[in-house]
Amino acid sequence: MTGPVLDVHGVSVQLAGRPVLSRVDLQVGQGEFVALLGANGSGKSTLVRAVVGLVPVCAGRVQVFGTPLGSFRDWRRLGYVPQRLTATSGVPATVTEVVAEGRLSRSAPFRRTTRTDREAVRAALEAVGMADRARDSLGRLSGGQQQRVLIARALAGRPEVLILDEPTAGVDVPSQQAFADALETLAGHGTTVLLVAHELGPLRPLVQRAVVLRHGQVVHDGPPPAPVADAHHVHAHGPSDDGEGLLS
Amino acid sequence: MTMFGYDFMQRALVGAVLTGLAAPAVGTYLVQRRQALIGDGIGHVALTGVALGLLTGAFPVLTAMIVATAGAVTIEVVRMRGRASGDVALAMLFYGGIAGGVLLTGLAGNSAATLNTYLFGSLTTVSPTDLWVIAGLALVVLVLALSLRRQLFAVCHDEEYARVAGLRVPVYNVLLAVMAALTVTTAMRVVGLLLVSALMVVPVATAQQLTRSFRTTLLLAMGLGVVVSSAGVVLSYYVDVAPGASIVVIAIAGFVATACLGGALGRRRTTMPELAEGELGVHVAAHDHEQVHTHGEDCGHDAVRHGDHVDYLHEGHRHAQHVDHYDEH
Ligand SMILES: Nc1ncnc2c1ncn2[C@@H]1O[C@H](COP(=O)(O)OP(=O)(O)O)[C@@H](O)[C@H]1O
Ligand SMILES: [Mg+2]
Ligand SMILES: [Zn+2]
Ligand SMILES: [Zn+2]
Ligand SMILES: [Zn+2]
Ligand SMILES: [Zn+2]
């Protein structure tokens with residue numbers, strides 16, 4: 001009986017009067033792990049922002065868990081990691097305070113932080129290997145560490161579907177591996193994942209299906225493109241030299 | 001008789017303590033969303049409300065509250081719409097507010113001295129009724145600022161994420177605007193409409209030099225707000241100046257002292273430096289000596305962010321992970 005978790009049908013988006021997406025279809029089924037690939041500027045972020053309702057759609061429809069986005073209220077079922085939040089806030093905030101934002105979809109106004117909230121925050125920080133930095137100020141972390149905090153924030157709500165916009169951009173390789181392990185565990189427990197990426201790296205083995213955008217249109221929907229041919233050294237790689245032509 | 005024996009001084013001090021608590025509490029959220037000057041704009045608008053009260057013989061604190069709230073909500077709606085012309089609209093509102101206030105006060109036949117008590121605060125003119133209104137409004141603002149801390153923090157820190165978390169962001173935005181307007185009304189008798197914004201912002205700026213969490217910043221700013229407001233009232237009793245001026249001068253002195261202290265302690269920055277993306281050159285695979293070493297956090301090499309990836313400074317050049325090897329960048 002369960003239809004797709006995310007269902008994007010014929011969606012077009014205009015930003016500042018310019019078409020950014022045209023008639024995009026994207027379905028993500030229950031428990032699927034889908035990668036959304038494409039060059040910078042191809043519309044990946046705009047597509048996931050349309051899926052979570054941050055960008056208005058000028059044609060087509062978006063359904064989340066079978067509900068049209070406009071009437072969807074069950075936000076606790078959805079976790080979102082925006083593309084890197086460049087600036088931190090005007091006032092200091094600790095890692096814990098930011099990750100606790102992820103619990104708000106499960107809280108009500110005037111309600112206090114519960115023990116469940118605290119445990120979920122701690123578990124989310126452990127999942128991204130940041131538990132020892134819980135009390136540090138966000139502004140004192142490296143870019144990669146801040147990115148991991150944003151991932152933990154999405155995990156803290158214990159969502160059924162995770163939408164991640166380039167979560168590993170700027171994250172060093174050991175952290176990427178730790179993050180891949182965390183995602184593998186989640187996917188193993190049935191979490192649905194839509195992952196925006198430029199290069200898959202250590203996440204590649206998890207991806208079941210890849211959708212590739214180019215100039216705001218879907219140009220591929222199927223098995224992930226073959227890994228970059230490796231071990232050929234002394235390469236000058238511009239945009240199109242090593243088998244990533246599909247992406248760049 | 002000590003100064004605390006005078007009724008008017010007791011009222012001024014109670015008013016100062018309440019204002020000192022409420023203004024930085026709201027100010028922390030405004031600084032968080034980089035709207036430090038919005039309180040100033042609301043103060044300008046509120047002046048028209050004061051003048052309306054003087055002109056019609058109504059209670060100026062009440063008319064100021066109504067006009068300030070309407071102004072604050074308008075400002076927030078303009079901000080949420082994100083119109084390019086929004087800046088100009090806000091400027092009109094701010095300067096129109098002050099000009100209207102001066103005009104109406106003149107029409108009402110009040111002296112500049114009356115107007116001054118609202119612009120810069122006054123010790124002797126806080127009436128018992130004023131005090132009750134100040135106390136009521138301050139209480140409302142404090143309860144909201146503290147009990148909705150998690151929601152307001154999220155909305156001010158990352159508005160888009162808050163929307164995806166299901167928070168009713170426009171409601172919180174308007175609520176914060178109303179809280180700011182109520183704070184301005186609370187503060188105008190003691191601190192004055194032109195200086196209220198300083199009490200919303202300066203204690204927060206002082207506190208955040210010493211703190212690393214939002215919660216302690218909020219609480220410390222409120223504590224500092226109480227200290228500087230009370231000290232300012234006492235000072236202006238002795239030197240006979242408008243309390244708004246002495247409160248703000250003391251607050252700024254506290255900020256400067258903290259900054260000097262902090263500078264002397266030499267806080268170390270650990271944020272990763274960032275290279276301009278334009279420096280991304282041709283990628284050439286690195287030499288082999290990496291097989292024995294995996295770069296990562298705390299690997300001993302300095303990390304710099306470079307466009308969408310991290311480079312590690314290594315014997316005078318930079319290494320970037322690429323699939324199974326390092327590129328030289
Ligand atoms: N707020 C915006 N206003 C106008 N144009 C935008 C906005 N955001 C993105 N764009 C444009 O939309 C296109 C797609 O951007 P984006 O979705 O961020 O791509 P990607 O995430 O694939 O790099 C780009 O050409 C970008 O310049
Ligand atoms: Mg993007
Ligand atoms: Zn390479
Ligand atoms: Zn080297
Ligand atoms: Zn290293
Ligand atoms: Zn580089």
# chains A, B, ... in the order shown; residues from 1 in each chain; ligands from 1
>>> residues_around(residues="region 36-51 of chain A", least_positions_apart="4", cutoff="6 Å", atoms="only C-alpha atoms", output="number ranges by chain")
A: 55, 195-198, 210-216, 247-248
>>> interface_residues(of="chain A", to="chain B", cutoff="7 Å", atoms="only C-alpha atoms", output="mmCIF file with C-alpha atoms, in the first residue's frame")
data_model
loop_
_atom_site.group_PDB
_atom_site.id
_atom_site.type_symbol
_atom_site.label_atom_id
_atom_site.label_comp_id
_atom_site.auth_asym_id
_atom_site.auth_seq_id
_atom_site.Cartn_x
_atom_site.Cartn_y
_atom_site.Cartn_z
ATOM 1 C CA VAL A 52 11.056 20.350 1.471
ATOM 2 C CA LEU A 54 11.582 26.111 0.711
ATOM 3 C CA ARG A 73 2.323 18.593 8.528
ATOM 4 C CA TRP A 75 7.617 17.196 9.558
ATOM 5 C CA ARG A 76 9.097 14.871 12.183
ATOM 6 C CA SER A 89 25.057 32.859 13.958
ATOM 7 C CA GLY A 90 25.453 36.304 15.462
ATOM 8 C CA VAL A 91 25.493 34.922 19.005
ATOM 9 C CA PRO A 92 27.603 31.938 20.099
ATOM 10 C CA ALA A 93 25.807 28.605 20.159
ATOM 11 C CA THR A 94 27.064 25.211 21.253
ATOM 12 C CA GLU A 101 16.984 22.201 16.772
ATOM 13 C CA GLY A 102 16.454 18.817 15.152
ATOM 14 C CA LEU A 104 11.753 20.725 17.525
ATOM 15 C CA SER A 105 9.676 18.814 15.004
ATOM 16 C CA PRO A 109 5.868 25.378 22.057
ATOM 17 C CA PHE A 110 6.458 25.948 25.791
ATOM 18 C CA ASP A 136 32.007 23.497 22.148
ATOM 19 C CA SER A 137 30.942 26.635 20.377
ATOM 20 C CA GLY A 139 32.064 28.870 15.548
ATOM 21 C CA ARG A 140 35.210 27.180 16.827
ATOM 22 C CA LEU A 141 34.814 24.099 14.646
ATOM 23 C CA SER A 142 36.302 23.457 11.236
ATOM 24 C CA GLY A 143 34.041 23.524 8.181
ATOM 25 C CA ALA A 169 31.533 18.731 0.625
ATOM 26 C CA GLY A 170 34.519 20.108 2.477
ATOM 27 C CA VAL A 171 34.606 17.152 4.867
ATOM 28 C CA ASP A 172 37.924 15.344 5.119
ATOM 29 C CA VAL A 173 38.145 11.717 4.094
ATOM 30 C CA PRO A 174 38.191 9.982 7.505
ATOM 31 C CA GLY A 201 33.510 8.955 -2.686
ATOM 32 C CA HIS A 233 48.552 9.306 -12.157
ATOM 33 C CA VAL A 234 49.959 12.637 -13.247
ATOM 34 C CA HIS A 235 46.617 13.669 -14.695
ATOM 35 C CA ALA A 236 45.602 17.189 -15.295
ATOM 36 C CA HIS A 237 41.922 16.802 -14.652
ATOM 37 C CA GLY A 238 39.715 19.555 -15.793
#
>>> residues_around(residues="region 106-122 of chain B", least_positions_apart="3", cutoff="7 Å", atoms="only C-alpha atoms", output="MDAnalysis selection string")
chainID B and resid 54:55 102:103 125 188:195 242:245
>>> residues_around(residues="Met65 (chain B)", least_positions_apart="4", cutoff="10 Å", atoms="only C-alpha atoms", output="number ranges by chain")
B: 46-47, 49-50, 60-61, 69-71, 137, 178, 181-186
>>> write_last_selection(atoms="N, CA, C and O atoms", output="short mmCIF file (atom, residue, chain, number, x, y, z; two decimals), in the first residue's frame")
data_model
loop_
_atom_site.label_atom_id
_atom_site.label_comp_id
_atom_site.auth_asym_id
_atom_site.auth_seq_id
_atom_site.Cartn_x
_atom_site.Cartn_y
_atom_site.Cartn_z
N ALA B 46 7.72 54.56 17.74
CA ALA B 46 6.98 54.71 19.00
C ALA B 46 6.82 56.18 19.38
O ALA B 46 5.86 56.54 20.08
N LEU B 47 7.73 57.01 18.92
CA LEU B 47 7.65 58.43 19.29
C LEU B 47 6.34 59.05 18.78
O LEU B 47 5.73 59.88 19.47
N GLY B 49 3.63 57.48 18.56
CA GLY B 49 2.63 57.00 19.50
C GLY B 49 2.59 57.83 20.76
O GLY B 49 1.51 58.19 21.26
N VAL B 50 3.77 58.18 21.29
CA VAL B 50 3.84 59.03 22.48
C VAL B 50 3.15 60.36 22.19
O VAL B 50 2.30 60.83 22.96
N PRO B 60 0.18 58.19 27.25
CA PRO B 60 1.19 58.06 26.20
C PRO B 60 1.86 56.69 26.14
O PRO B 60 2.18 56.21 25.05
N VAL B 61 2.02 56.03 27.29
CA VAL B 61 2.67 54.71 27.25
C VAL B 61 1.82 53.73 26.45
O VAL B 61 2.32 52.91 25.68
N THR B 69 3.86 48.56 18.26
CA THR B 69 3.53 47.20 17.84
C THR B 69 3.14 47.18 16.37
O THR B 69 3.62 46.33 15.60
N ALA B 70 2.30 48.13 15.98
CA ALA B 70 1.92 48.20 14.56
C ALA B 70 3.16 48.40 13.69
O ALA B 70 3.32 47.76 12.65
N GLY B 71 4.06 49.30 14.12
CA GLY B 71 5.28 49.56 13.36
C GLY B 71 6.16 48.32 13.27
O GLY B 71 6.68 47.98 12.20
N LEU B 137 4.30 44.53 31.00
CA LEU B 137 4.88 44.26 29.69
C LEU B 137 6.19 43.49 29.82
O LEU B 137 6.45 42.53 29.08
N VAL B 178 6.64 41.78 17.96
CA VAL B 178 5.77 42.32 19.01
C VAL B 178 6.54 42.41 20.33
O VAL B 178 6.45 43.41 21.06
N ALA B 181 8.60 45.42 20.27
CA ALA B 181 7.81 46.64 20.46
C ALA B 181 7.44 46.82 21.93
O ALA B 181 7.51 47.93 22.47
N LEU B 182 7.05 45.73 22.59
CA LEU B 182 6.69 45.82 24.01
C LEU B 182 7.93 46.23 24.83
O LEU B 182 7.82 47.00 25.79
N THR B 183 9.10 45.71 24.44
CA THR B 183 10.32 46.07 25.15
C THR B 183 10.63 47.55 25.01
O THR B 183 11.02 48.22 25.97
N VAL B 184 10.45 48.04 23.79
CA VAL B 184 10.68 49.48 23.56
C VAL B 184 9.75 50.30 24.46
O VAL B 184 10.17 51.28 25.09
N THR B 185 8.49 49.87 24.55
CA THR B 185 7.53 50.59 25.39
C THR B 185 7.95 50.52 26.87
O THR B 185 7.89 51.52 27.59
N THR B 186 8.38 49.33 27.28
CA THR B 186 8.85 49.15 28.65
C THR B 186 9.99 50.11 28.96
O THR B 186 10.07 50.70 30.04
#
>>> atom_distance(atom1="CA of Gln63 (chain A)", atom2="atom 9 (C, counted along the ligand's line) of ligand 1")
22.0 Å
>>> residues_around(residues="Arg122 (chain A)", least_positions_apart="2", cutoff="9 Å", atoms="only C-alpha atoms", output="list in words")
Thr96, Val99, Asp117, Arg118, Glu119, Ala120, Ala124, Leu125, Glu126, Ala127, Ala131, Ala134 and Ala156 of chain A
>>> write_last_selection(atoms="N, CA, C and O atoms", output="mmCIF file, in the first residue's frame")
data_model
loop_
_atom_site.group_PDB
_atom_site.id
_atom_site.type_symbol
_atom_site.label_atom_id
_atom_site.label_comp_id
_atom_site.auth_asym_id
_atom_site.auth_seq_id
_atom_site.Cartn_x
_atom_site.Cartn_y
_atom_site.Cartn_z
ATOM 1 N N THR A 96 25.566 21.265 20.894
ATOM 2 C CA THR A 96 24.336 20.664 21.416
ATOM 3 C C THR A 96 23.123 21.526 21.113
ATOM 4 O O THR A 96 22.071 21.012 20.717
ATOM 5 N N VAL A 99 22.226 21.078 17.423
ATOM 6 C CA VAL A 99 21.677 19.745 17.125
ATOM 7 C C VAL A 99 20.274 19.612 17.723
ATOM 8 O O VAL A 99 19.397 18.973 17.143
ATOM 9 N N ASP A 117 14.805 13.893 24.360
ATOM 10 C CA ASP A 117 15.476 14.877 23.503
ATOM 11 C C ASP A 117 16.986 14.810 23.707
ATOM 12 O O ASP A 117 17.760 14.750 22.760
ATOM 13 N N ARG A 118 17.386 14.842 24.982
ATOM 14 C CA ARG A 118 18.829 14.853 25.271
ATOM 15 C C ARG A 118 19.505 13.593 24.764
ATOM 16 O O ARG A 118 20.602 13.641 24.209
ATOM 17 N N GLU A 119 18.827 12.456 24.944
ATOM 18 C CA GLU A 119 19.431 11.197 24.482
ATOM 19 C C GLU A 119 19.535 11.166 22.964
ATOM 20 O O GLU A 119 20.536 10.697 22.420
ATOM 21 N N ALA A 120 18.510 11.667 22.285
ATOM 22 C CA ALA A 120 18.539 11.679 20.816
ATOM 23 C C ALA A 120 19.666 12.578 20.315
ATOM 24 O O ALA A 120 20.348 12.252 19.341
ATOM 25 N N ALA A 124 22.812 11.262 18.165
ATOM 26 C CA ALA A 124 23.085 11.827 16.837
ATOM 27 C C ALA A 124 24.530 12.310 16.766
ATOM 28 O O ALA A 124 25.206 12.134 15.744
ATOM 29 N N LEU A 125 25.020 12.921 17.849
ATOM 30 C CA LEU A 125 26.406 13.395 17.847
ATOM 31 C C LEU A 125 27.372 12.213 17.815
ATOM 32 O O LEU A 125 28.421 12.271 17.169
ATOM 33 N N GLU A 126 27.024 11.142 18.494
ATOM 34 C CA GLU A 126 27.888 9.961 18.447
ATOM 35 C C GLU A 126 27.919 9.385 17.039
ATOM 36 O O GLU A 126 28.965 8.962 16.557
ATOM 37 N N ALA A 127 26.774 9.405 16.367
ATOM 38 C CA ALA A 127 26.709 8.821 15.026
ATOM 39 C C ALA A 127 27.643 9.540 14.056
ATOM 40 O O ALA A 127 28.139 8.934 13.115
ATOM 41 N N ALA A 131 30.617 13.517 19.527
ATOM 42 C CA ALA A 131 30.108 13.543 20.907
ATOM 43 C C ALA A 131 31.054 14.295 21.836
ATOM 44 O O ALA A 131 30.611 14.967 22.770
ATOM 45 N N ALA A 134 30.434 18.213 22.078
ATOM 46 C CA ALA A 134 29.048 18.626 22.324
ATOM 47 C C ALA A 134 28.934 20.010 22.956
ATOM 48 O O ALA A 134 28.019 20.763 22.650
ATOM 49 N N ALA A 156 18.935 13.875 14.698
ATOM 50 C CA ALA A 156 18.380 13.960 16.052
ATOM 51 C C ALA A 156 16.868 13.817 16.063
ATOM 52 O O ALA A 156 16.293 13.360 17.044
#
>>> select_by_dssp(residues="region 106-210 of chain A", states="alpha helix (DSSP H)", output="number ranges by chain")
A: 115-127, 143-156, 173-188
>>> residues_around(residues="Leu90 (chain B)", least_positions_apart="4", cutoff="12 Å", atoms="only C-alpha atoms", output="list in words")
Leu37, Ile38, Asp40, Gly41, Ile42, His44, Val45, Gly71, Ala72, Val73, Thr74, Ile75, Glu76, Val77, Val78, Arg79, Gly82, Arg83, Ala84, Ser85, Gly86, Phe94, Tyr95, Gly96 and Gly97 of chain B
>>> atom_distance(atom1="CA of Val57 (chain A)", atom2="CA of Val13 (chain A)")
5.1 Å
>>> residues_around(residues="Ile163 (chain A)", least_positions_apart="3", cutoff="7 Å", atoms="only C-alpha atoms", output="ChimeraX atom specification")
/A:79-81,193-195
>>> write_last_selection(atoms="all heavy atoms", output="PDB file, in the first residue's frame")
ATOM      1  N   GLY A  79      14.008  14.522   7.626  1.00  0.00           N
ATOM      2  CA  GLY A  79      15.223  15.188   8.106  1.00  0.00           C
ATOM      3  C   GLY A  79      15.920  15.859   6.944  1.00  0.00           C
ATOM      4  O   GLY A  79      16.007  15.296   5.856  1.00  0.00           O
ATOM      5  N   TYR A  80      16.403  17.083   7.164  1.00  0.00           N
ATOM      6  CA  TYR A  80      16.982  17.855   6.052  1.00  0.00           C
ATOM      7  C   TYR A  80      18.331  18.421   6.471  1.00  0.00           C
ATOM      8  O   TYR A  80      18.450  19.016   7.539  1.00  0.00           O
ATOM      9  CB  TYR A  80      16.007  18.983   5.677  1.00  0.00           C
ATOM     10  CG  TYR A  80      16.523  19.999   4.687  1.00  0.00           C
ATOM     11  CD1 TYR A  80      16.996  19.605   3.434  1.00  0.00           C
ATOM     12  CD2 TYR A  80      16.523  21.354   4.997  1.00  0.00           C
ATOM     13  CE1 TYR A  80      17.448  20.543   2.525  1.00  0.00           C
ATOM     14  CE2 TYR A  80      16.977  22.297   4.083  1.00  0.00           C
ATOM     15  CZ  TYR A  80      17.432  21.886   2.855  1.00  0.00           C
ATOM     16  OH  TYR A  80      17.887  22.821   1.954  1.00  0.00           O
ATOM     17  N   VAL A  81      19.323  18.220   5.630  1.00  0.00           N
ATOM     18  CA  VAL A  81      20.637  18.829   5.856  1.00  0.00           C
ATOM     19  C   VAL A  81      20.864  19.828   4.726  1.00  0.00           C
ATOM     20  O   VAL A  81      21.089  19.425   3.583  1.00  0.00           O
ATOM     21  CB  VAL A  81      21.770  17.785   5.856  1.00  0.00           C
ATOM     22  CG1 VAL A  81      23.120  18.460   6.079  1.00  0.00           C
ATOM     23  CG2 VAL A  81      21.518  16.732   6.919  1.00  0.00           C
ATOM     24  N   VAL A 193      16.840   7.503   1.995  1.00  0.00           N
ATOM     25  CA  VAL A 193      17.839   8.564   1.868  1.00  0.00           C
ATOM     26  C   VAL A 193      17.818   9.146   0.455  1.00  0.00           C
ATOM     27  O   VAL A 193      17.816   8.413  -0.530  1.00  0.00           O
ATOM     28  CB  VAL A 193      19.267   8.042   2.186  1.00  0.00           C
ATOM     29  CG1 VAL A 193      20.298   9.136   1.992  1.00  0.00           C
ATOM     30  CG2 VAL A 193      19.347   7.473   3.590  1.00  0.00           C
ATOM     31  N   LEU A 194      17.768  10.486   0.404  1.00  0.00           N
ATOM     32  CA  LEU A 194      18.015  11.195  -0.851  1.00  0.00           C
ATOM     33  C   LEU A 194      19.247  12.058  -0.624  1.00  0.00           C
ATOM     34  O   LEU A 194      19.244  12.965   0.209  1.00  0.00           O
ATOM     35  CB  LEU A 194      16.820  12.065  -1.243  1.00  0.00           C
ATOM     36  CG  LEU A 194      17.037  12.958  -2.482  1.00  0.00           C
ATOM     37  CD1 LEU A 194      17.316  12.121  -3.724  1.00  0.00           C
ATOM     38  CD2 LEU A 194      15.839  13.864  -2.717  1.00  0.00           C
ATOM     39  N   LEU A 195      20.321  11.728  -1.332  1.00  0.00           N
ATOM     40  CA  LEU A 195      21.613  12.342  -1.079  1.00  0.00           C
ATOM     41  C   LEU A 195      22.054  13.139  -2.297  1.00  0.00           C
ATOM     42  O   LEU A 195      22.184  12.592  -3.390  1.00  0.00           O
ATOM     43  CB  LEU A 195      22.636  11.233  -0.783  1.00  0.00           C
ATOM     44  CG  LEU A 195      24.093  11.649  -0.711  1.00  0.00           C
ATOM     45  CD1 LEU A 195      24.405  12.176   0.666  1.00  0.00           C
ATOM     46  CD2 LEU A 195      24.996  10.477  -1.052  1.00  0.00           C
TER      47      LEU A 195
END
>>> decode(residues="region 54-73 of chain A", atoms="N, CA and C atoms", output="short mmCIF file (atom, residue, chain, number, x, y, z; two decimals), in the first residue's frame")
data_model
loop_
_atom_site.label_atom_id
_atom_site.label_comp_id
_atom_site.auth_asym_id
_atom_site.auth_seq_id
_atom_site.Cartn_x
_atom_site.Cartn_y
_atom_site.Cartn_z
N LEU A 54 10.91 24.83 0.54
CA LEU A 54 11.58 26.11 0.71
C LEU A 54 11.56 26.94 -0.56
N VAL A 55 11.23 26.30 -1.66
CA VAL A 55 11.21 27.00 -2.95
C VAL A 55 9.85 26.73 -3.58
N PRO A 56 9.14 27.75 -4.02
CA PRO A 56 7.83 27.50 -4.63
C PRO A 56 7.96 26.88 -6.01
N VAL A 57 7.03 26.01 -6.29
CA VAL A 57 7.02 25.28 -7.55
C VAL A 57 6.05 25.99 -8.48
N CYS A 58 6.46 26.23 -9.76
CA CYS A 58 5.54 26.96 -10.63
C CYS A 58 4.76 26.04 -11.54
N ALA A 59 5.15 24.76 -11.59
CA ALA A 59 4.35 23.77 -12.31
C ALA A 59 4.67 22.41 -11.73
N GLY A 60 3.75 21.46 -11.88
CA GLY A 60 3.97 20.12 -11.36
C GLY A 60 3.55 20.02 -9.91
N ARG A 61 3.84 18.85 -9.30
CA ARG A 61 3.43 18.68 -7.89
C ARG A 61 4.48 17.89 -7.13
N VAL A 62 4.52 18.13 -5.83
CA VAL A 62 5.41 17.41 -4.93
C VAL A 62 4.54 16.74 -3.87
N GLN A 63 4.76 15.46 -3.66
CA GLN A 63 4.08 14.76 -2.58
C GLN A 63 5.11 14.14 -1.66
N VAL A 64 4.86 14.24 -0.36
CA VAL A 64 5.74 13.66 0.63
C VAL A 64 4.91 12.69 1.46
N PHE A 65 5.33 11.45 1.52
CA PHE A 65 4.55 10.40 2.20
C PHE A 65 3.11 10.40 1.71
N GLY A 66 2.94 10.59 0.41
CA GLY A 66 1.61 10.52 -0.17
C GLY A 66 0.73 11.74 0.05
N THR A 67 1.28 12.76 0.72
CA THR A 67 0.50 13.97 0.99
C THR A 67 1.03 15.12 0.15
N PRO A 68 0.17 15.89 -0.50
CA PRO A 68 0.68 17.07 -1.21
C PRO A 68 1.42 17.98 -0.23
N LEU A 69 2.55 18.52 -0.69
CA LEU A 69 3.43 19.28 0.20
C LEU A 69 2.68 20.38 0.94
N GLY A 70 1.75 21.02 0.24
CA GLY A 70 1.03 22.13 0.85
C GLY A 70 0.27 21.75 2.11
N SER A 71 -0.17 20.49 2.19
CA SER A 71 -0.93 20.10 3.39
C SER A 71 -0.15 19.13 4.26
N PHE A 72 1.14 18.94 3.94
CA PHE A 72 1.96 18.04 4.76
C PHE A 72 2.31 18.71 6.09
N ARG A 73 2.05 18.02 7.20
CA ARG A 73 2.32 18.59 8.53
C ARG A 73 3.25 17.73 9.38
#
